[in-house]
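Enquirer: Structure in structure tokens, see below.
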Amino acid sequence: MRKTQRTLAAAALLLGAFGVSTVLAVPPPPAAQPAPPKGKGRFVGPHPLAGRANAGYCYIDVPHSHNYQPDHPNLYQQVGDGYVFTGDPVPFGYEGQKTVFYGHHPVPAPATAEPVAVANPTFCFLKGPHYHDYPQPTGPGYKVKDEVVFYVGPIPPPVAAVRPQLEQATEVEYRPFVALRPKVTVVPPPEWPGVIWVAPPAPVVVAAPAAPVVVAPAAPTVVVAPVAPPVVVAPVAPAVIVAPAPVLIRGHGKGKGWRGGPGWGHFRGKGHWKH
Ligand SMILES: [Zn+2]
Ligand SMILES: [Zn+2]
């Protein structure tokens with residue numbers, strides 16, 4: 001018996017322990033913003049930091065790794081086993097030396113990057129004026145007008161093939177940052193094959209008009225009569241009529257008057273049972 005009690009007590013403790021653990025298993029609060037893709041990412045040169053809004057800019061100009069993948073894949077191109085950030089760094093918190101470019105151009109590999117056999121050069125597909133943290137690349141194919149760099153060299157066919165979709169994706173990425181573009185008023189060199197970029201209208205925050213206040217006419221006074229209490233009619237209890245118990249009178253004699261005896265018939269015959 002004592003053993004049974006101990007077993008029950010142990011079971012109760014166990015159940016209690018499970019109960020506590022259930023209460024403590026509170027799910028973590030939802031993240032404020034989607035986390036960058038998991039997995040180790042190798043970055044070739046500087047890039048926007050990922051992981052949270054306004055995270056800042058990573059200035060490491062040699063290949064290095066983070067424990068996340070690029071969170072703006074449209075602004076990176078893969079070179080070897082690493083990612084090169086091809087976009088304008090200013091909207092991502094970059095502060096430092098800047099050069100104004102206009103339109104598409106090859107992205108120079110970081111000076112300290114290991115040489116990688118790349119079939120085609122990495123290109124920046126930003127349309128119109130934008131900044132980079134590197135100076136005008138050396139070599140032919142560039143024209144500078146009023147300190148704005150234009151690329152007038154050839155575009156390899158494989159690069160031209162992917163240009164429309166990358167150009168569109170890049171444009172979408174930078175639409176919220178139109179106000180951070182460099183302001184340039186420059187006539188491109190005649191050999192430049194690009195198209196003058198017309199800035200899309202900056203997103204304007206329109207204050208929603210105040211909702212008109214409608215004063216409803218006074219509602220007529222409605223007098224609600226108190227609800228009469230429900231009348232509950234109790235079922236009538238069936239009247240119980242207690243019939244007088246028949247009086248059995250034993251006849252005289254020696255018990256023969258009972259039921260069928262002479263006494264029985266005698267009383268019955270005289271009408272004493274009437275009622
Ligand atoms: Zn980094
Ligand atoms: Zn560029």
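Starting from 1 in every chain, residues are counted up; chains themselves are A, B, ... following the order of the structure tokens, and ligands are numbered from 1 as listed.
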Could you give me the residues within 12 Å of ligand 1, counting only C-alpha atoms and all ligand atoms, as a compact mmCIF listing (two decimals) with C-alpha atoms, in the first residue's frame?

Expert:
```
# COMPACT_ATOMS: atom_id res chain seq x y z
CA LYS A 40 27.89 31.30 -44.73
CA GLY A 41 28.34 33.96 -47.37
CA ARG A 42 31.65 34.97 -48.86
CA PHE A 43 31.80 38.61 -49.84
CA VAL A 44 34.38 39.94 -52.23
CA GLY A 45 34.93 43.47 -51.05
CA PRO A 46 32.68 45.97 -49.24
CA HIS A 47 28.92 45.50 -49.09
CA PRO A 48 25.87 46.50 -47.07
CA LEU A 49 25.64 44.70 -43.78
CA ALA A 50 22.64 42.48 -43.39
CA GLY A 51 20.62 41.23 -40.50
CA ALA A 55 22.68 47.81 -40.33
CA GLY A 56 25.39 49.90 -41.91
CA TYR A 57 28.10 49.15 -44.38
CA CYS A 58 30.92 46.65 -44.26
CA TYR A 59 34.14 48.33 -45.43
CA ILE A 60 36.32 45.21 -45.58
CA ASP A 61 37.89 45.39 -49.03
CA VAL A 62 39.30 41.87 -49.12
CA PRO A 63 37.34 38.63 -49.54
CA HIS A 64 35.78 37.70 -46.23
CA SER A 65 32.86 35.76 -44.86
CA HIS A 66 29.74 36.40 -42.81
CA ASN A 67 27.26 33.93 -41.42
CA TYR A 68 24.57 35.06 -43.85
CA GLN A 69 23.95 35.29 -47.56
CA PRO A 70 23.25 38.58 -49.34
CA GLY A 82 31.95 34.91 -53.48
CA TYR A 83 29.53 37.76 -53.97
CA VAL A 84 30.43 41.16 -55.36
CA PHE A 85 28.18 44.03 -54.34
```

Enquirer: Please identify all polymer residues within 12 Å of Val184 of chain A, counting only C-alpha atoms, omitting same-chain residues fewer than 3 positions from it, and present them as a list in words.

Expert: Val100, Phe101, Tyr102, Gly128, Pro129, His130, Tyr131, Lys145, Asp146, Glu147, Val148, Val149, Arg181, Val187, Pro188, Ile196, Trp197, Val198 and Ala199 of chain A

Enquirer: Which residues are near ligand 2 in this structure, taking near to mean any atom at most 12 Å from a ligand atom and counting only C-alpha atoms and all ligand atoms? Format them as a VMD selection string.

Expert: chain A and resid 75 85 to 90 98 to 108 122 to 137 148 to 151 167 170 to 171 181

Enquirer: May I have the residues from that selection written out with N, CA and C atoms, as a compact mmCIF listing (two decimals), in the first residue's frame?

Expert:
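Writing the result to selection.txt gives the following:
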```txt
# COMPACT_ATOMS: atom_id res chain seq x y z
N LEU A 75 21.41 42.87 -56.03
CA LEU A 75 22.51 43.84 -56.03
C LEU A 75 23.86 43.16 -55.91
N PHE A 85 29.25 43.05 -54.40
CA PHE A 85 28.18 44.03 -54.34
C PHE A 85 28.36 45.00 -55.49
N THR A 86 27.34 45.09 -56.34
CA THR A 86 27.47 45.90 -57.56
C THR A 86 26.69 47.21 -57.47
N GLY A 87 25.99 47.45 -56.37
CA GLY A 87 25.11 48.60 -56.31
C GLY A 87 25.76 49.86 -55.76
N ASP A 88 24.91 50.86 -55.59
CA ASP A 88 25.30 52.14 -55.01
C ASP A 88 25.29 51.97 -53.49
N PRO A 89 26.41 52.24 -52.82
CA PRO A 89 26.46 51.96 -51.38
C PRO A 89 25.83 53.03 -50.50
N VAL A 90 25.55 54.22 -51.06
CA VAL A 90 25.11 55.34 -50.22
C VAL A 90 23.80 55.05 -49.48
N LYS A 98 33.58 59.07 -52.83
CA LYS A 98 32.56 58.61 -53.78
C LYS A 98 32.91 59.11 -55.18
N THR A 99 32.47 58.36 -56.15
CA THR A 99 32.60 58.76 -57.55
C THR A 99 31.22 58.65 -58.18
N VAL A 100 30.89 59.64 -59.01
CA VAL A 100 29.59 59.62 -59.68
C VAL A 100 29.73 58.92 -61.03
N PHE A 101 28.91 57.92 -61.23
CA PHE A 101 28.84 57.21 -62.51
C PHE A 101 27.47 57.49 -63.12
N TYR A 102 27.39 57.29 -64.42
CA TYR A 102 26.11 57.47 -65.09
C TYR A 102 25.88 56.27 -66.01
N GLY A 103 24.90 55.47 -65.65
CA GLY A 103 24.58 54.30 -66.47
C GLY A 103 25.48 53.10 -66.20
N HIS A 104 25.34 52.12 -67.06
CA HIS A 104 26.02 50.82 -66.88
C HIS A 104 27.53 50.92 -67.04
N HIS A 105 28.21 50.05 -66.35
CA HIS A 105 29.67 50.01 -66.47
C HIS A 105 30.19 48.76 -65.79
N PRO A 106 31.37 48.31 -66.15
CA PRO A 106 31.96 47.16 -65.45
C PRO A 106 32.31 47.55 -64.01
N VAL A 107 32.23 46.57 -63.13
CA VAL A 107 32.60 46.79 -61.73
C VAL A 107 34.03 46.31 -61.56
N PRO A 108 34.93 47.19 -61.14
CA PRO A 108 36.31 46.74 -60.97
C PRO A 108 36.41 45.78 -59.79
N THR A 122 32.02 41.69 -64.29
CA THR A 122 30.84 42.01 -63.50
C THR A 122 30.40 43.42 -63.85
N PHE A 123 29.10 43.59 -64.05
CA PHE A 123 28.60 44.90 -64.45
C PHE A 123 27.68 45.49 -63.39
N CYS A 124 27.69 46.81 -63.34
CA CYS A 124 26.69 47.54 -62.56
C CYS A 124 25.58 47.92 -63.54
N PHE A 125 24.35 47.61 -63.17
CA PHE A 125 23.23 47.87 -64.08
C PHE A 125 22.34 49.04 -63.62
N LEU A 126 22.91 49.88 -62.80
CA LEU A 126 22.12 51.04 -62.38
C LEU A 126 21.98 52.01 -63.55
N LYS A 127 20.77 52.46 -63.77
CA LYS A 127 20.54 53.47 -64.81
C LYS A 127 20.69 54.84 -64.17
N GLY A 128 21.16 55.80 -64.96
CA GLY A 128 21.24 57.18 -64.47
C GLY A 128 22.37 57.40 -63.50
N PRO A 129 22.36 58.54 -62.84
CA PRO A 129 23.48 58.90 -61.95
C PRO A 129 23.42 58.12 -60.64
N HIS A 130 24.59 57.70 -60.19
CA HIS A 130 24.68 56.97 -58.92
C HIS A 130 26.12 57.01 -58.43
N TYR A 131 26.29 56.59 -57.19
CA TYR A 131 27.61 56.63 -56.56
C TYR A 131 28.22 55.24 -56.47
N HIS A 132 29.56 55.23 -56.44
CA HIS A 132 30.31 54.04 -56.04
C HIS A 132 31.43 54.48 -55.12
N ASP A 133 31.95 53.52 -54.37
CA ASP A 133 33.02 53.84 -53.43
C ASP A 133 34.40 53.65 -54.07
N TYR A 134 34.43 53.43 -55.37
CA TYR A 134 35.73 53.28 -56.05
C TYR A 134 35.87 54.39 -57.10
N PRO A 135 37.09 54.73 -57.44
CA PRO A 135 37.29 55.77 -58.45
C PRO A 135 37.05 55.22 -59.85
N GLN A 136 37.19 56.10 -60.82
CA GLN A 136 37.03 55.68 -62.21
C GLN A 136 38.00 54.54 -62.51
N PRO A 137 37.49 53.41 -63.01
CA PRO A 137 38.41 52.30 -63.32
C PRO A 137 39.42 52.72 -64.39
N VAL A 148 31.65 63.25 -63.97
CA VAL A 148 30.71 62.13 -64.02
C VAL A 148 31.30 61.11 -64.99
N VAL A 149 31.37 59.85 -64.56
CA VAL A 149 32.00 58.80 -65.35
C VAL A 149 30.95 58.10 -66.22
N PHE A 150 31.25 58.03 -67.51
CA PHE A 150 30.40 57.31 -68.46
C PHE A 150 31.21 56.16 -69.03
N TYR A 151 30.58 55.02 -69.18
CA TYR A 151 31.25 53.89 -69.82
C TYR A 151 30.80 53.84 -71.27
N GLU A 167 18.62 45.03 -64.96
CA GLU A 167 18.39 46.48 -64.95
C GLU A 167 17.06 46.79 -64.24
N THR A 170 17.31 46.02 -60.47
CA THR A 170 18.10 47.04 -59.78
C THR A 170 17.28 48.32 -59.61
N GLU A 171 16.57 48.67 -60.66
CA GLU A 171 15.75 49.88 -60.61
C GLU A 171 14.73 49.79 -59.46
N ARG A 181 20.20 59.95 -54.86
CA ARG A 181 21.02 59.93 -56.09
C ARG A 181 21.79 61.25 -56.21
```
